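**Student:** Got a file for you: entry.pdb, PDB, C-alpha atoms, pLDDT in the B column.
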MODEL        1
ATOM      1  CA  MET A   1       0.000   0.000   0.000  1.00 43.00           C
ATOM      2  CA  LYS A   2       1.485   3.371  -1.034  1.00 43.00           C
ATOM      3  CA  MET A   3       1.074   6.436   1.092  1.00 47.00           C
ATOM      4  CA  VAL A   4      -0.344   9.493  -0.692  1.00 46.00           C
ATOM      5  CA  ALA A   5       0.812  12.928   0.393  1.00 47.00           C
ATOM      6  CA  PRO A   6      -2.108  15.128   1.506  1.00 48.00           C
ATOM      7  CA  TRP A   7      -1.021  18.130  -0.641  1.00 44.00           C
ATOM      8  CA  THR A   8      -1.406  16.133  -3.848  1.00 46.00           C
ATOM      9  CA  ARG A   9      -5.180  16.662  -3.667  1.00 47.00           C
ATOM     10  CA  PHE A  10      -4.921  20.428  -4.126  1.00 45.00           C
ATOM     11  CA  TYR A  11      -3.328  20.718  -7.558  1.00 52.00           C
ATOM     12  CA  SER A  12      -4.115  19.507 -11.063  1.00 59.00           C
ATOM     13  CA  ASN A  13      -2.032  17.165 -13.199  1.00 67.00           C
ATOM     14  CA  SER A  14      -3.443  18.569 -16.451  1.00 62.00           C
ATOM     15  CA  CYS A  15      -2.741  21.835 -18.229  1.00 62.00           C
ATOM     16  CA  CYS A  16      -3.618  23.552 -21.513  1.00 57.00           C
ATOM     17  CA  LEU A  17      -4.938  21.327 -24.339  1.00 56.00           C
ATOM     18  CA  CYS A  18      -5.687  18.629 -21.706  1.00 64.00           C
ATOM     19  CA  CYS A  19      -2.084  17.406 -21.683  1.00 73.00           C
ATOM     20  CA  HIS A  20      -0.185  16.397 -18.568  1.00 81.00           C
ATOM     21  CA  VAL A  21       1.745  19.059 -16.649  1.00 84.00           C
ATOM     22  CA  ARG A  22       4.921  17.092 -17.289  1.00 86.00           C
ATOM     23  CA  THR A  23       4.289  17.204 -21.040  1.00 87.00           C
ATOM     24  CA  GLY A  24       3.396  20.889 -20.828  1.00 86.00           C
ATOM     25  CA  THR A  25       6.619  21.665 -18.961  1.00 90.00           C
ATOM     26  CA  ILE A  26       8.661  19.808 -21.571  1.00 91.00           C
ATOM     27  CA  LEU A  27       6.977  21.751 -24.394  1.00 91.00           C
ATOM     28  CA  LEU A  28       7.457  25.031 -22.526  1.00 92.00           C
ATOM     29  CA  GLY A  29      11.135  24.294 -21.932  1.00 93.00           C
ATOM     30  CA  VAL A  30      11.672  23.419 -25.597  1.00 94.00           C
ATOM     31  CA  TRP A  31       9.869  26.608 -26.697  1.00 94.00           C
ATOM     32  CA  TYR A  32      12.012  28.821 -24.467  1.00 94.00           C
ATOM     33  CA  LEU A  33      15.070  26.893 -25.619  1.00 94.00           C
ATOM     34  CA  ILE A  34      14.292  27.629 -29.273  1.00 95.00           C
ATOM     35  CA  ILE A  35      13.636  31.329 -28.594  1.00 94.00           C
ATOM     36  CA  ASN A  36      16.881  31.807 -26.679  1.00 93.00           C
ATOM     37  CA  ALA A  37      18.817  29.879 -29.318  1.00 94.00           C
ATOM     38  CA  VAL A  38      17.485  32.229 -32.013  1.00 94.00           C
ATOM     39  CA  VAL A  39      18.383  35.249 -29.870  1.00 92.00           C
ATOM     40  CA  LEU A  40      21.870  33.834 -29.370  1.00 91.00           C
ATOM     41  CA  LEU A  41      22.334  33.418 -33.125  1.00 92.00           C
ATOM     42  CA  ILE A  42      21.225  37.023 -33.702  1.00 88.00           C
ATOM     43  CA  LEU A  43      23.635  38.298 -31.072  1.00 87.00           C
ATOM     44  CA  LEU A  44      26.514  36.267 -32.489  1.00 87.00           C
ATOM     45  CA  SER A  45      25.812  37.573 -35.983  1.00 85.00           C
ATOM     46  CA  ALA A  46      25.676  41.135 -34.611  1.00 80.00           C
ATOM     47  CA  LEU A  47      28.990  40.599 -32.840  1.00 79.00           C
ATOM     48  CA  ALA A  48      30.559  39.290 -36.035  1.00 78.00           C
ATOM     49  CA  ASP A  49      29.248  42.208 -38.130  1.00 72.00           C
ATOM     50  CA  PRO A  50      28.634  45.264 -35.887  1.00 66.00           C
ATOM     51  CA  ASP A  51      28.058  47.603 -38.852  1.00 64.00           C
ATOM     52  CA  GLN A  52      24.595  46.239 -39.522  1.00 61.00           C
ATOM     53  CA  TYR A  53      23.461  47.420 -36.066  1.00 57.00           C
ATOM     54  CA  HIS A  54      24.881  50.926 -36.436  1.00 54.00           C
ATOM     55  CA  PHE A  55      22.269  53.479 -37.442  1.00 50.00           C
ATOM     56  CA  SER A  56      23.024  56.830 -38.987  1.00 48.00           C
ATOM     57  CA  SER A  57      21.883  60.194 -37.640  1.00 45.00           C
ATOM     58  CA  SER A  58      19.308  60.491 -40.423  1.00 48.00           C
ATOM     59  CA  GLU A  59      17.613  57.316 -39.209  1.00 48.00           C
ATOM     60  CA  LEU A  60      17.472  57.987 -35.489  1.00 46.00           C
ATOM     61  CA  GLY A  61      18.102  61.699 -35.212  1.00 46.00           C
ATOM     62  CA  GLY A  62      21.585  61.147 -33.818  1.00 46.00           C
ATOM     63  CA  ASP A  63      24.586  58.881 -34.057  1.00 43.00           C
ATOM     64  CA  PHE A  64      23.444  55.816 -32.145  1.00 45.00           C
ATOM     65  CA  GLU A  65      25.021  52.429 -31.801  1.00 49.00           C
ATOM     66  CA  PHE A  66      22.586  49.612 -31.027  1.00 50.00           C
ATOM     67  CA  MET A  67      24.918  47.759 -28.637  1.00 56.00           C
ATOM     68  CA  ASP A  68      28.586  48.050 -27.832  1.00 65.00           C
ATOM     69  CA  ASP A  69      30.887  45.070 -27.421  1.00 68.00           C
ATOM     70  CA  ALA A  70      30.552  44.933 -23.635  1.00 75.00           C
ATOM     71  CA  ASN A  71      26.750  44.899 -23.683  1.00 79.00           C
ATOM     72  CA  MET A  72      26.817  42.379 -26.516  1.00 82.00           C
ATOM     73  CA  CYS A  73      28.986  39.992 -24.490  1.00 85.00           C
ATOM     74  CA  ILE A  74      26.693  40.362 -21.482  1.00 88.00           C
ATOM     75  CA  ALA A  75      23.650  39.617 -23.649  1.00 87.00           C
ATOM     76  CA  ILE A  76      25.365  36.534 -25.096  1.00 89.00           C
ATOM     77  CA  ALA A  77      26.227  35.311 -21.586  1.00 91.00           C
ATOM     78  CA  ILE A  78      22.600  35.776 -20.489  1.00 92.00           C
ATOM     79  CA  SER A  79      21.372  33.884 -23.567  1.00 92.00           C
ATOM     80  CA  LEU A  80      23.752  31.004 -22.825  1.00 94.00           C
ATOM     81  CA  LEU A  81      22.560  30.927 -19.217  1.00 94.00           C
ATOM     82  CA  MET A  82      18.922  30.882 -20.343  1.00 94.00           C
ATOM     83  CA  ILE A  83      19.634  28.038 -22.756  1.00 94.00           C
ATOM     84  CA  LEU A  84      21.205  26.073 -19.904  1.00 95.00           C
ATOM     85  CA  ILE A  85      18.251  26.751 -17.577  1.00 95.00           C
ATOM     86  CA  CYS A  86      15.693  25.763 -20.236  1.00 94.00           C
ATOM     87  CA  ALA A  87      17.635  22.617 -21.100  1.00 95.00           C
ATOM     88  CA  MET A  88      17.761  21.676 -17.411  1.00 95.00           C
ATOM     89  CA  ALA A  89      13.991  22.143 -17.067  1.00 94.00           C
ATOM     90  CA  THR A  90      13.306  20.048 -20.167  1.00 94.00           C
ATOM     91  CA  TYR A  91      15.649  17.300 -19.026  1.00 94.00           C
ATOM     92  CA  GLY A  92      14.293  17.385 -15.473  1.00 93.00           C
ATOM     93  CA  ALA A  93      10.677  17.070 -16.629  1.00 90.00           C
ATOM     94  CA  TYR A  94      11.567  14.280 -19.078  1.00 91.00           C
ATOM     95  CA  LYS A  95      13.660  12.273 -16.592  1.00 90.00           C
ATOM     96  CA  GLN A  96      11.365  13.168 -13.664  1.00 88.00           C
ATOM     97  CA  ARG A  97      14.040  14.964 -11.655  1.00 90.00           C
ATOM     98  CA  ALA A  98      12.352  17.727  -9.718  1.00 89.00           C
ATOM     99  CA  ALA A  99      15.525  19.576  -8.670  1.00 92.00           C
ATOM    100  CA  TRP A 100      16.413  20.334 -12.295  1.00 94.00           C
ATOM    101  CA  ILE A 101      13.161  22.312 -12.727  1.00 94.00           C
ATOM    102  CA  ILE A 102      13.828  24.764  -9.863  1.00 94.00           C
ATOM    103  CA  PRO A 103      16.115  27.198 -11.817  1.00 95.00           C
ATOM    104  CA  PHE A 104      13.538  27.576 -14.582  1.00 95.00           C
ATOM    105  CA  PHE A 105      10.788  28.105 -12.014  1.00 95.00           C
ATOM    106  CA  CYS A 106      12.863  30.820 -10.309  1.00 95.00           C
ATOM    107  CA  TYR A 107      13.375  32.515 -13.678  1.00 95.00           C
ATOM    108  CA  GLN A 108       9.607  32.509 -14.227  1.00 95.00           C
ATOM    109  CA  ILE A 109       9.034  34.141 -10.833  1.00 95.00           C
ATOM    110  CA  PHE A 110      11.667  36.791 -11.604  1.00 95.00           C
ATOM    111  CA  ASP A 111      10.146  37.520 -15.016  1.00 94.00           C
ATOM    112  CA  PHE A 112       6.658  37.752 -13.497  1.00 95.00           C
ATOM    113  CA  ALA A 113       7.923  40.187 -10.851  1.00 94.00           C
ATOM    114  CA  LEU A 114       9.498  42.428 -13.507  1.00 93.00           C
ATOM    115  CA  ASN A 115       6.289  42.560 -15.524  1.00 91.00           C
ATOM    116  CA  THR A 116       4.358  43.349 -12.347  1.00 92.00           C
ATOM    117  CA  LEU A 117       6.707  46.261 -11.638  1.00 92.00           C
ATOM    118  CA  VAL A 118       6.114  47.551 -15.169  1.00 87.00           C
ATOM    119  CA  ALA A 119       2.354  47.433 -14.606  1.00 87.00           C
ATOM    120  CA  ILE A 120       2.703  49.254 -11.292  1.00 89.00           C
ATOM    121  CA  THR A 121       4.923  51.903 -12.922  1.00 86.00           C
ATOM    122  CA  VAL A 122       2.374  52.488 -15.674  1.00 83.00           C
ATOM    123  CA  LEU A 123      -0.407  52.741 -13.093  1.00 83.00           C
ATOM    124  CA  VAL A 124       1.459  55.136 -10.782  1.00 84.00           C
ATOM    125  CA  TYR A 125       3.156  57.234 -13.482  1.00 83.00           C
ATOM    126  CA  PRO A 126       0.783  57.248 -16.489  1.00 77.00           C
ATOM    127  CA  ASN A 127       2.511  60.274 -18.045  1.00 79.00           C
ATOM    128  CA  SER A 128       5.712  58.266 -18.468  1.00 78.00           C
ATOM    129  CA  ILE A 129       4.145  56.501 -21.461  1.00 79.00           C
ATOM    130  CA  GLN A 130       3.699  59.726 -23.386  1.00 77.00           C
ATOM    131  CA  GLU A 131       7.235  60.818 -22.528  1.00 79.00           C
ATOM    132  CA  TYR A 132       8.610  57.506 -23.713  1.00 79.00           C
ATOM    133  CA  ILE A 133       6.699  57.747 -27.013  1.00 78.00           C
ATOM    134  CA  ARG A 134       8.021  61.282 -27.615  1.00 79.00           C
ATOM    135  CA  GLN A 135      11.591  59.966 -27.305  1.00 77.00           C
ATOM    136  CA  LEU A 136      11.049  57.466 -30.101  1.00 75.00           C
ATOM    137  CA  PRO A 137      12.532  58.219 -33.546  1.00 73.00           C
ATOM    138  CA  PRO A 138      10.273  60.259 -35.868  1.00 73.00           C
ATOM    139  CA  ASN A 139      10.094  57.399 -38.378  1.00 75.00           C
ATOM    140  CA  PHE A 140       9.042  54.863 -35.750  1.00 74.00           C
ATOM    141  CA  PRO A 141       6.010  52.869 -37.036  1.00 74.00           C
ATOM    142  CA  TYR A 142       2.644  54.220 -35.833  1.00 74.00           C
ATOM    143  CA  ARG A 143       4.319  56.798 -33.596  1.00 75.00           C
ATOM    144  CA  ASP A 144       1.973  59.612 -34.577  1.00 77.00           C
ATOM    145  CA  ASP A 145      -1.095  57.379 -34.318  1.00 78.00           C
ATOM    146  CA  ILE A 146      -0.151  56.351 -30.787  1.00 77.00           C
ATOM    147  CA  MET A 147       0.477  59.964 -29.811  1.00 78.00           C
ATOM    148  CA  SER A 148      -3.002  60.927 -31.029  1.00 80.00           C
ATOM    149  CA  VAL A 149      -4.701  58.425 -28.707  1.00 79.00           C
ATOM    150  CA  ASN A 150      -6.238  59.785 -25.512  1.00 82.00           C
ATOM    151  CA  PRO A 151      -3.704  59.351 -22.662  1.00 79.00           C
ATOM    152  CA  THR A 152      -6.249  57.717 -20.367  1.00 82.00           C
ATOM    153  CA  CYS A 153      -7.337  55.239 -23.045  1.00 85.00           C
ATOM    154  CA  LEU A 154      -3.702  54.512 -23.863  1.00 82.00           C
ATOM    155  CA  VAL A 155      -2.955  53.713 -20.217  1.00 84.00           C
ATOM    156  CA  LEU A 156      -6.006  51.446 -19.987  1.00 88.00           C
ATOM    157  CA  ILE A 157      -5.017  49.609 -23.181  1.00 88.00           C
ATOM    158  CA  ILE A 158      -1.477  49.079 -21.951  1.00 87.00           C
ATOM    159  CA  LEU A 159      -2.671  47.913 -18.531  1.00 89.00           C
ATOM    160  CA  LEU A 160      -5.109  45.492 -20.168  1.00 91.00           C
ATOM    161  CA  PHE A 161      -2.349  44.142 -22.379  1.00 91.00           C
ATOM    162  CA  ILE A 162       0.022  43.720 -19.420  1.00 91.00           C
ATOM    163  CA  SER A 163      -2.752  42.047 -17.382  1.00 92.00           C
ATOM    164  CA  ILE A 164      -3.272  39.473 -20.132  1.00 94.00           C
ATOM    165  CA  ILE A 165       0.469  38.815 -20.234  1.00 93.00           C
ATOM    166  CA  LEU A 166       0.633  38.457 -16.436  1.00 93.00           C
ATOM    167  CA  THR A 167      -2.323  36.069 -16.435  1.00 93.00           C
ATOM    168  CA  PHE A 168      -0.701  33.908 -19.085  1.00 92.00           C
ATOM    169  CA  LYS A 169       2.666  33.949 -17.317  1.00 93.00           C
ATOM    170  CA  GLY A 170       0.967  33.078 -14.030  1.00 92.00           C
ATOM    171  CA  TYR A 171      -0.691  30.099 -15.677  1.00 90.00           C
ATOM    172  CA  LEU A 172       2.668  28.897 -17.015  1.00 91.00           C
ATOM    173  CA  ILE A 173       4.183  29.293 -13.547  1.00 92.00           C
ATOM    174  CA  SER A 174       1.405  27.152 -12.061  1.00 90.00           C
ATOM    175  CA  CYS A 175       1.979  24.535 -14.754  1.00 89.00           C
ATOM    176  CA  VAL A 176       5.689  24.257 -13.948  1.00 91.00           C
ATOM    177  CA  TRP A 177       5.005  24.292 -10.210  1.00 91.00           C
ATOM    178  CA  ASN A 178       2.436  21.502 -10.532  1.00 89.00           C
ATOM    179  CA  CYS A 179       4.939  19.520 -12.598  1.00 89.00           C
ATOM    180  CA  TYR A 180       7.527  19.943  -9.848  1.00 90.00           C
ATOM    181  CA  ARG A 181       5.068  18.826  -7.167  1.00 88.00           C
ATOM    182  CA  TYR A 182       3.915  15.904  -9.298  1.00 87.00           C
ATOM    183  CA  ILE A 183       7.456  14.619  -9.864  1.00 88.00           C
ATOM    184  CA  ASN A 184       8.445  15.258  -6.262  1.00 86.00           C
ATOM    185  CA  GLY A 185       5.348  13.514  -4.947  1.00 81.00           C
ATOM    186  CA  ARG A 186       5.774  10.619  -7.369  1.00 77.00           C
ATOM    187  CA  ASN A 187       9.360  10.070  -6.272  1.00 73.00           C
ATOM    188  CA  SER A 188       8.503  10.291  -2.569  1.00 73.00           C
ATOM    189  CA  SER A 189       5.545   7.905  -2.927  1.00 60.00           C
ATOM    190  CA  ASP A 190       7.892   5.180  -4.168  1.00 52.00           C
ATOM    191  CA  VAL A 191       9.046   4.686  -0.558  1.00 50.00           C
ATOM    192  CA  LEU A 192       6.685   2.974   1.908  1.00 46.00           C
ATOM    193  CA  VAL A 193       6.808   3.983   5.549  1.00 46.00           C
ATOM    194  CA  TYR A 194       6.273   1.099   7.983  1.00 46.00           C
ATOM    195  CA  VAL A 195       5.996   1.832  11.726  1.00 45.00           C
ATOM    196  CA  THR A 196       7.036  -1.031  13.985  1.00 46.00           C
ATOM    197  CA  SER A 197       5.692  -1.756  17.431  1.00 46.00           C
ATOM    198  CA  ASN A 198       8.651  -0.133  19.220  1.00 49.00           C
ATOM    199  CA  ASP A 199       7.976   3.279  17.578  1.00 48.00           C
ATOM    200  CA  THR A 200      10.864   2.979  15.139  1.00 48.00           C
ATOM    201  CA  THR A 201      10.328   3.959  11.504  1.00 48.00           C
ATOM    202  CA  VAL A 202      11.634   1.774   8.696  1.00 49.00           C
ATOM    203  CA  LEU A 203      11.739   2.885   5.040  1.00 51.00           C
ATOM    204  CA  LEU A 204      11.052   0.014   2.670  1.00 51.00           C
ATOM    205  CA  PRO A 205      11.811   0.094  -1.079  1.00 54.00           C
ATOM    206  CA  PRO A 206       9.059  -0.327  -3.671  1.00 52.00           C
ATOM    207  CA  TYR A 207       7.790  -3.840  -4.134  1.00 48.00           C
ATOM    208  CA  ASP A 208       8.849  -3.912  -7.790  1.00 50.00           C
ATOM    209  CA  ASP A 209      12.434  -2.934  -6.909  1.00 54.00           C
ATOM    210  CA  ALA A 210      12.565  -5.543  -4.193  1.00 51.00           C
ATOM    211  CA  THR A 211      11.368  -8.146  -6.686  1.00 50.00           C
ATOM    212  CA  VAL A 212      13.988  -7.155  -9.286  1.00 50.00           C
ATOM    213  CA  ASN A 213      16.855  -7.050  -6.778  1.00 53.00           C
ATOM    214  CA  GLY A 214      15.929 -10.448  -5.400  1.00 51.00           C
ATOM    215  CA  ALA A 215      15.228 -12.131  -8.739  1.00 49.00           C
ATOM    216  CA  SER A 216      17.551 -15.027  -7.926  1.00 49.00           C
ATOM    217  CA  LYS A 217      15.696 -15.648  -4.672  1.00 52.00           C
ATOM    218  CA  GLU A 218      12.081 -16.253  -3.918  1.00 59.00           C
ATOM    219  CA  PRO A 219      10.065 -13.011  -4.393  1.00 60.00           C
ATOM    220  CA  PRO A 220       9.061 -11.348  -1.116  1.00 60.00           C
ATOM    221  CA  PRO A 221       5.426 -11.388  -0.081  1.00 63.00           C
ATOM    222  CA  PRO A 222       3.299  -8.326  -0.881  1.00 63.00           C
ATOM    223  CA  TYR A 223       3.493  -5.434   1.582  1.00 56.00           C
ATOM    224  CA  VAL A 224       0.594  -5.191   3.982  1.00 57.00           C
ATOM    225  CA  SER A 225      -0.220  -1.969   5.772  1.00 54.00           C
ATOM    226  CA  ALA A 226      -0.040  -2.009   9.561  1.00 52.00           C
TER     227      ALA A 226
ENDMDL
END
Mind turning this structure into structure tokens?
**Tutor:**
Amino acid sequence: MKMVAPWTRFYSNSCCLCCHVRTGTILLGVWYLIINAVVLLILLSALADPDQYHFSSSELGGDFEFMDDANMCIAIAISLLMILICAMATYGAYKQRAAWIIPFFCYQIFDFALNTLVAITVLVYPNSIQEYIRQLPPNFPYRDDIMSVNPTCLVLIILLFISIILTFKGYLISCVWNCYRYINGRNSSDVLVYVTSNDTTVLLPPYDDATVNGASKEPPPPYVSA
């Protein structure tokens, strides 16, 4: 008889498209892995040919360099770190190793906190949006159309857009967290706790493992709960 942890009743094992949270975490890790790999390729190409990211004064109203070498190296290091974190999450969900998912979960929490701070900034300082739009280049797409929108409506639209993003990110965080709890609970449920009469606790291995390890001997009898 396997013992079931009480907290396993308060979370779902399914996520979007009715797939398992483990499958959803694997797909999410692969998606982030592809995105960061593409970003890394773009950064490497920009580092190899910096002239294509140098804009003239006629384009941006001043001599502006997209990224210098130092910032480019930092961005490449961050992309490599993100690729490692996403690969760890994918591998951990596939091999059912809960500890490998923790770095990716921490990154999700950090990203959610940053987006929340952006929403709070927009709510507290609504005029900062108009100031930011005025600083954009004159040939920026739809710059004049955005400037013509009522400031209050523009703030509401941006807050609605950020709220949708936060809701979606929160759902992805819950999916990864449920995957972590599922794998952690599955691994812990493979050990049976048997309490003897003298109040000592003995941890017994799963019945299948005991059968495999003692294949040359007579299989042990089935476990019976106390």
**Student:** Would you compute the distance between CA of Tyr182 in chain A and CA of Arg97 in chain A? Give it in Å to one decimal.
**Tutor:** 10.4 Å
**Student:** Kindly give the distance, in Å, that separates CA of His20 in chain A and CA of Cys179 in chain A, rounded to a single decimal.
**Tutor:** 8.5 Å
**Student:** Go through the shown structure with the PyMOL selection byres ((chain A and resi 93) around 10) and write out the matching residues as a PyMOL selection string.
**Tutor:** chain A and resi 21-27+29+87-92+94-101+176+179-180+183
**Student:** Extract, using only C-alpha atoms, all DNA, RNA and protein residues at most 9 Å from range 128-137 of chain A, discarding same-chain residues fewer than 2 positions from it, and format them as an MDAnalysis selection string.
**Tutor:** chainID A and resid 59:61 121:122 125:126 139:140 143 146:147 151 154:155
**Student:** Would you compute the distance between CA of Leu33 in chain A and CA of Ser188 in chain A? Give it in Å to one decimal.
**Tutor:**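 These two atoms are separated by 29.2 Å.
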**Student:** At a cut-off of 12 Å, using all atoms listed in the file, what residues contact Gln108 in chain A? Leave out same-chain residues fewer than 6 positions from it and give the result as a list in words.
**Tutor:**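 Listing them by chain and then by number gives Leu28, Gly29, Tyr32, Met82, Ile85, Cys86, Ala89, Ile101, Ile102, Leu114, Asn115, Leu166, Phe168, Lys169, Gly170, Tyr171, Leu172, Ile173, Ser174, Cys175, Val176 and Trp177 of chain A.
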**Student:** Build an axis-aligned box that encloses every atom of range 82-92 of chain A listed in the file, pad it by 3 Å on each side, and report its centre and edge lengths in Å to one decimal, as JSON.
**Tutor:**
{"center_x": 17.3, "center_y": 24.1, "center_z": -19.1, "size_x": 13.9, "size_y": 19.6, "size_z": 13.3}
**Student:** Between A:Asn36, A:Asn71, A:Asn127, A:Thr116, single out the one closest to Ile83 in chain A, counting all atoms listed in the file.
**Tutor:**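 That would be A:Asn36, the residue with the smallest distance to Ile83 in chain A.
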